[in-house]
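Take a look at the structure set out below.
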Amino acid sequence: MKFWKKDYMMPEEFSFDGDCLIGPDKDGGTAKVTITPIIGTAFSRTADSSSWNGVFEFKDRDGRIHKINISASDLLGGGLAAVRQLVDNGLGLCPGMEKTLVKYLQCCHPVTRLLRVLNSGWVDNMLVFVLPNQVFGQTLGETIAYEPEQNSKTVRSITSLGSLAGWQENIAALTRGNSILLNCILLAFTGPLLKILGLDGGGFHIYGNSSRGKTTALQVAASVWGCGSDPAIDSVNSFAQRWNSTANALEAIAAVHSDLLTALDELGTYNGTDLGIDVYTLAGGQGKSTLTSSRKIRQVRTWRGNILSNGEKSMRQAIEESGRTVKAGQMLRIIDIRIEEIFPFLPEEMSAADFANHLKQMCSTYYGTAGPAFIQGLVECLADYPEDNTALLRATLEQYAKELTPENAHPEQARAFRRFAALRIAGELAVDFGVLPLSADDVTDAVIHFRDLWLRENQSIGDADRALLKLQSFLIRNHSALPSIGDIDARTSNARAFRNPQNNWFLFTDEQLMDATGGCNIKDVVRELRHKKLLVVHEAGRLKVKQKLASAGDRWLRFYGVHANILNADLDGEETETAKVNPTEDTDFGDELGCAV
C-alpha cells in the first residue's frame, strides 16, 4: 500500500515515483525532490478563522510517519523555515531542491479543514474540552486538531496508566485524614472550573522544612491529569515540572496545562530574574509579546493558570529576598500555605517515610484517569442547561466563599476565600461524579483546615497595611538622623524625609514617602494613614500641609505630614488613637529626639 491515499490531489508538475517526490528542475525536466514521501492532508485554523496552517504527513528516513503543522506565513520569503522544520524531523530532501519543495508545499490544497486548538482545556464559544488524546463535548461538526507548540516539554506527560479504580484505591482513598494531600487533589480538579466559575488564574504554594512530603503532595496532584513521577527524577515524563526553567519555558508549560494544573516543584531552584513578575504572568494567563525572524509580532501565548507550587521558603520570602517589593495581588494569586505535617494520618505499620515512598510509587503506576473522568462528568452536567447550571455553580461559589470568610477578614482577602470555595466545589463535584471516593464532609473539613493554615499566617495582608509597617520601621530606624526643617543644607533632593520637632511631625515629599514605604501606591498609603489618624491634615480637601523649609529660602512647600505617634502605634489594630494635632502647641518632641530647629 502506498503512503499517499488514492484520492490524494497531487499538485500540477509533481508526482511520486515509489516513495520519491518528483518535481520540475531548473532545466525544464524533472528530478527527485525528496527520497521520502510527503503529502498535504489538511488546512487548520483557529476559532477566529486566522493563523492558517498546512498539515503535512511524511515518512522519515527510518520509515516513521510524522505529522507536521507548517504556518502559511513560513512558506513565504523562500520558505526556508518550513524546510528546516521538515528536514529536522527526518524528511529526505535531495540536494539543491529546497525551492522546489517549497513550491510543492505551496501548491498543496487539501480539502479537509480542521479547527486548531493550541492549548489544552475549553475551546472558545463551545462546550468542548480538549486533552492531547481526547475531546469531550459536542463539537458541532467541527473536527478538532490539538496542535500544541513544537517540542512541547510536557504534552507527553498528559497521559494515563492503570484504571480509575486503581487510582481511587491506591491514591485518592489514602488522602482521607490527610488534608494537604486532599486539597492538592481538589486543586487539580479546580482547573476546568476556572472559566465556569469566572475565577482569575492563581493557586497555592505550600512551603515548610525539607523532607516533609511536599514533592509527594505535588505528585499526588499531578496524578489526576498525567504521569505522577517525581519531577526531579523523571523530568521528561513527569506532569509536574521544576521551577528551574526560563520565563519562556514556564509560559510554555502553563499554556500546555491550561485549564488543568501547572505543578511546579521546589521554588528554591528558580533562577529567573523577577519571580514576582513570573508569578503575575503564570496566574494572569498571558505571555510576553515577541517578534518572529521577520520582525512580526508572534502570537502571544494565553492560558488559564491553575497553579500548585512548593518549596522550603514562602513565595513572599522568595520575592523579597530577590530585592523586590511584594504586592498583595501576588500573594492573593498564589497563596502561601505553611505546613508542618503532610501525613498526620498513616496506614497501620507505616512510617511517614514509608507512606511517602508508597504514594510516590503509586503516582507512577496509576495516573491520568481521574481528570478525564471529572471532565466527562462536568460536560454532561452542563450539557442540557449550560447557562442555568453555570449560574448555579457561581452562586454556590459566592455562598461557600461567604461561609469561609471570618468576620474580621480584610476586604482584600475576598479573592482568596473564593479560591478556597472553588476547592470545595471541585471536591463536591468530584464526589458526585463518582471520581473521588470520599464524602462531601471529607472535602469540607479539608478545605476549612487548609483555610485555617493560611489565616494563621495572614490575618491582614493589604498593600497599604504593609506599607505602613515599612514606614514605621523606617522611622524607628532613622528618625533621629532625619534633618529638621531648619537645616539649611537639607534639601528635598538629598534628604530621606524631614522633622518638625516643634509639632511632632515627620514630613515627606511624594518621592520620599514612596521610598520609605517600599514603592507602594502613595494614594493608598495616605488614605490608610488618614484612616488610622496618623496623617496631619489642616485644610479641607488637602492631604498635604504647608511648611517652611530653610534650605528652600524659608519658602512654603507642601508635604505629607505624619504624626510622631506612628513610632509607637499598634498598626495591627483596627485603628490607632492619637492626640489632636495643634500646630501651635509646645511639646518635648525636640528634646526627646535630641534635636533643635
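We label chains A, B, ... in the order they appear in the C-alpha cells, count residues from 1 in each chain, and number ligands from 1 in the order shown.
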List every residue of stretch 119-151 of chain A that has an atom at most 12 Å from any atom of stretch 221-237 of chain A, and for each one report the closest atom pair and its distance in Å to one decimal, counting only C-alpha atoms, with rows sorted by chain and then by increasing residue number, as JSON lines.
```
{"residue": "A:Ser120", "atom": "CA", "partner": "A:Trp225", "partner_atom": "CA", "distance": 11.4}
{"residue": "A:Gly121", "atom": "CA", "partner": "A:Trp225", "partner_atom": "CA", "distance": 11.8}
{"residue": "A:Leu131", "atom": "CA", "partner": "A:Trp225", "partner_atom": "CA", "distance": 9.6}
{"residue": "A:Pro132", "atom": "CA", "partner": "A:Gly226", "partner_atom": "CA", "distance": 11.0}
{"residue": "A:Asn133", "atom": "CA", "partner": "A:Gly226", "partner_atom": "CA", "distance": 11.8}
{"residue": "A:Asn151", "atom": "CA", "partner": "A:Val236", "partner_atom": "CA", "distance": 11.7}
```
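Nearest to A:Asn119 of all the residues A:Arg324, A:Arg304, A:Arg84, A:Arg530 is A:Arg304, counting only C-alpha atoms.
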Helix (DSSP H, G or I) per DSSP on the backbone: members of stretch 314-445 of chain A, as a PyMOL selection string
chain A and resi 315-321+328-333+352-363+370-383+386-404+411-432+440-445
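Omitting A:Phe189 and its sequence neighbours fewer than 2 positions away, and counting only C-alpha atoms, the residues within 8 Å are Ile185, Leu186, Leu187, Gly191, Pro192, Leu193, Val224, Leu260, Gly371, Phe374, Leu423, Ala426, Gly427 and Ala430 of chain A.
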Could you list, as a PyMOL selection string, every residue within 12 Å of A:Gln85, counting only C-alpha atoms and ignoring same-chain residues fewer than 2 positions away?
chain A and resi 56+66-71+74-75+79-83+87-91+93+102+150-151
Within 9 Å of A:Ile334, counting only C-alpha atoms, which residues show up once you throw out same-chain ones fewer than 5 positions away? Write them as a PDB file with N, CA and C atoms, in the first residue's frame, please.
```pdb
ATOM      1  N   GLY A 201      -6.913  33.344  37.209  1.00  0.00           N
ATOM      2  CA  GLY A 201      -5.896  32.331  37.411  1.00  0.00           C
ATOM      3  C   GLY A 201      -5.191  32.527  38.745  1.00  0.00           C
ATOM      4  N   GLY A 202      -4.620  31.466  39.251  1.00  0.00           N
ATOM      5  CA  GLY A 202      -3.892  31.531  40.521  1.00  0.00           C
ATOM      6  C   GLY A 202      -3.746  30.144  41.095  1.00  0.00           C
ATOM      7  N   GLY A 203      -3.477  30.078  42.391  1.00  0.00           N
ATOM      8  CA  GLY A 203      -3.325  28.770  43.019  1.00  0.00           C
ATOM      9  C   GLY A 203      -2.700  28.875  44.389  1.00  0.00           C
ATOM     10  N   PHE A 204      -1.908  27.869  44.752  1.00  0.00           N
ATOM     11  CA  PHE A 204      -1.355  27.765  46.096  1.00  0.00           C
ATOM     12  C   PHE A 204       0.122  27.375  46.045  1.00  0.00           C
ATOM     13  N   HIS A 205       0.842  27.860  47.043  1.00  0.00           N
ATOM     14  CA  HIS A 205       2.245  27.492  47.236  1.00  0.00           C
ATOM     15  C   HIS A 205       2.380  26.926  48.636  1.00  0.00           C
ATOM     16  N   VAL A 279       5.255  35.247  38.662  1.00  0.00           N
ATOM     17  CA  VAL A 279       4.035  34.842  39.364  1.00  0.00           C
ATOM     18  C   VAL A 279       2.820  35.501  38.717  1.00  0.00           C
ATOM     19  N   TYR A 280       2.918  36.817  38.469  1.00  0.00           N
ATOM     20  CA  TYR A 280       1.821  37.519  37.811  1.00  0.00           C
ATOM     21  C   TYR A 280       1.526  36.915  36.438  1.00  0.00           C
ATOM     22  N   ALA A 283      -0.139  33.345  36.683  1.00  0.00           N
ATOM     23  CA  ALA A 283      -1.530  33.447  37.136  1.00  0.00           C
ATOM     24  C   ALA A 283      -2.373  34.253  36.160  1.00  0.00           C
ATOM     25  N   ILE A 307      -2.413  26.802  39.539  1.00  0.00           N
ATOM     26  CA  ILE A 307      -1.018  26.563  39.908  1.00  0.00           C
ATOM     27  C   ILE A 307      -0.896  25.926  41.286  1.00  0.00           C
ATOM     28  N   LEU A 308      -0.030  24.930  41.376  1.00  0.00           N
ATOM     29  CA  LEU A 308       0.385  24.361  42.658  1.00  0.00           C
ATOM     30  C   LEU A 308       1.899  24.366  42.680  1.00  0.00           C
ATOM     31  N   SER A 309       2.452  25.007  43.691  1.00  0.00           N
ATOM     32  CA  SER A 309       3.901  25.149  43.816  1.00  0.00           C
ATOM     33  C   SER A 309       4.329  24.695  45.204  1.00  0.00           C
ATOM     34  N   MET A 315       6.464  32.039  49.130  1.00  0.00           N
ATOM     35  CA  MET A 315       6.561  32.850  47.923  1.00  0.00           C
ATOM     36  C   MET A 315       6.928  34.285  48.293  1.00  0.00           C
ATOM     37  N   GLY A 329      -1.548  41.657  45.498  1.00  0.00           N
ATOM     38  CA  GLY A 329      -2.083  40.904  44.381  1.00  0.00           C
ATOM     39  C   GLY A 329      -1.323  39.626  44.113  1.00  0.00           C
TER      40      GLY A 329
END
```
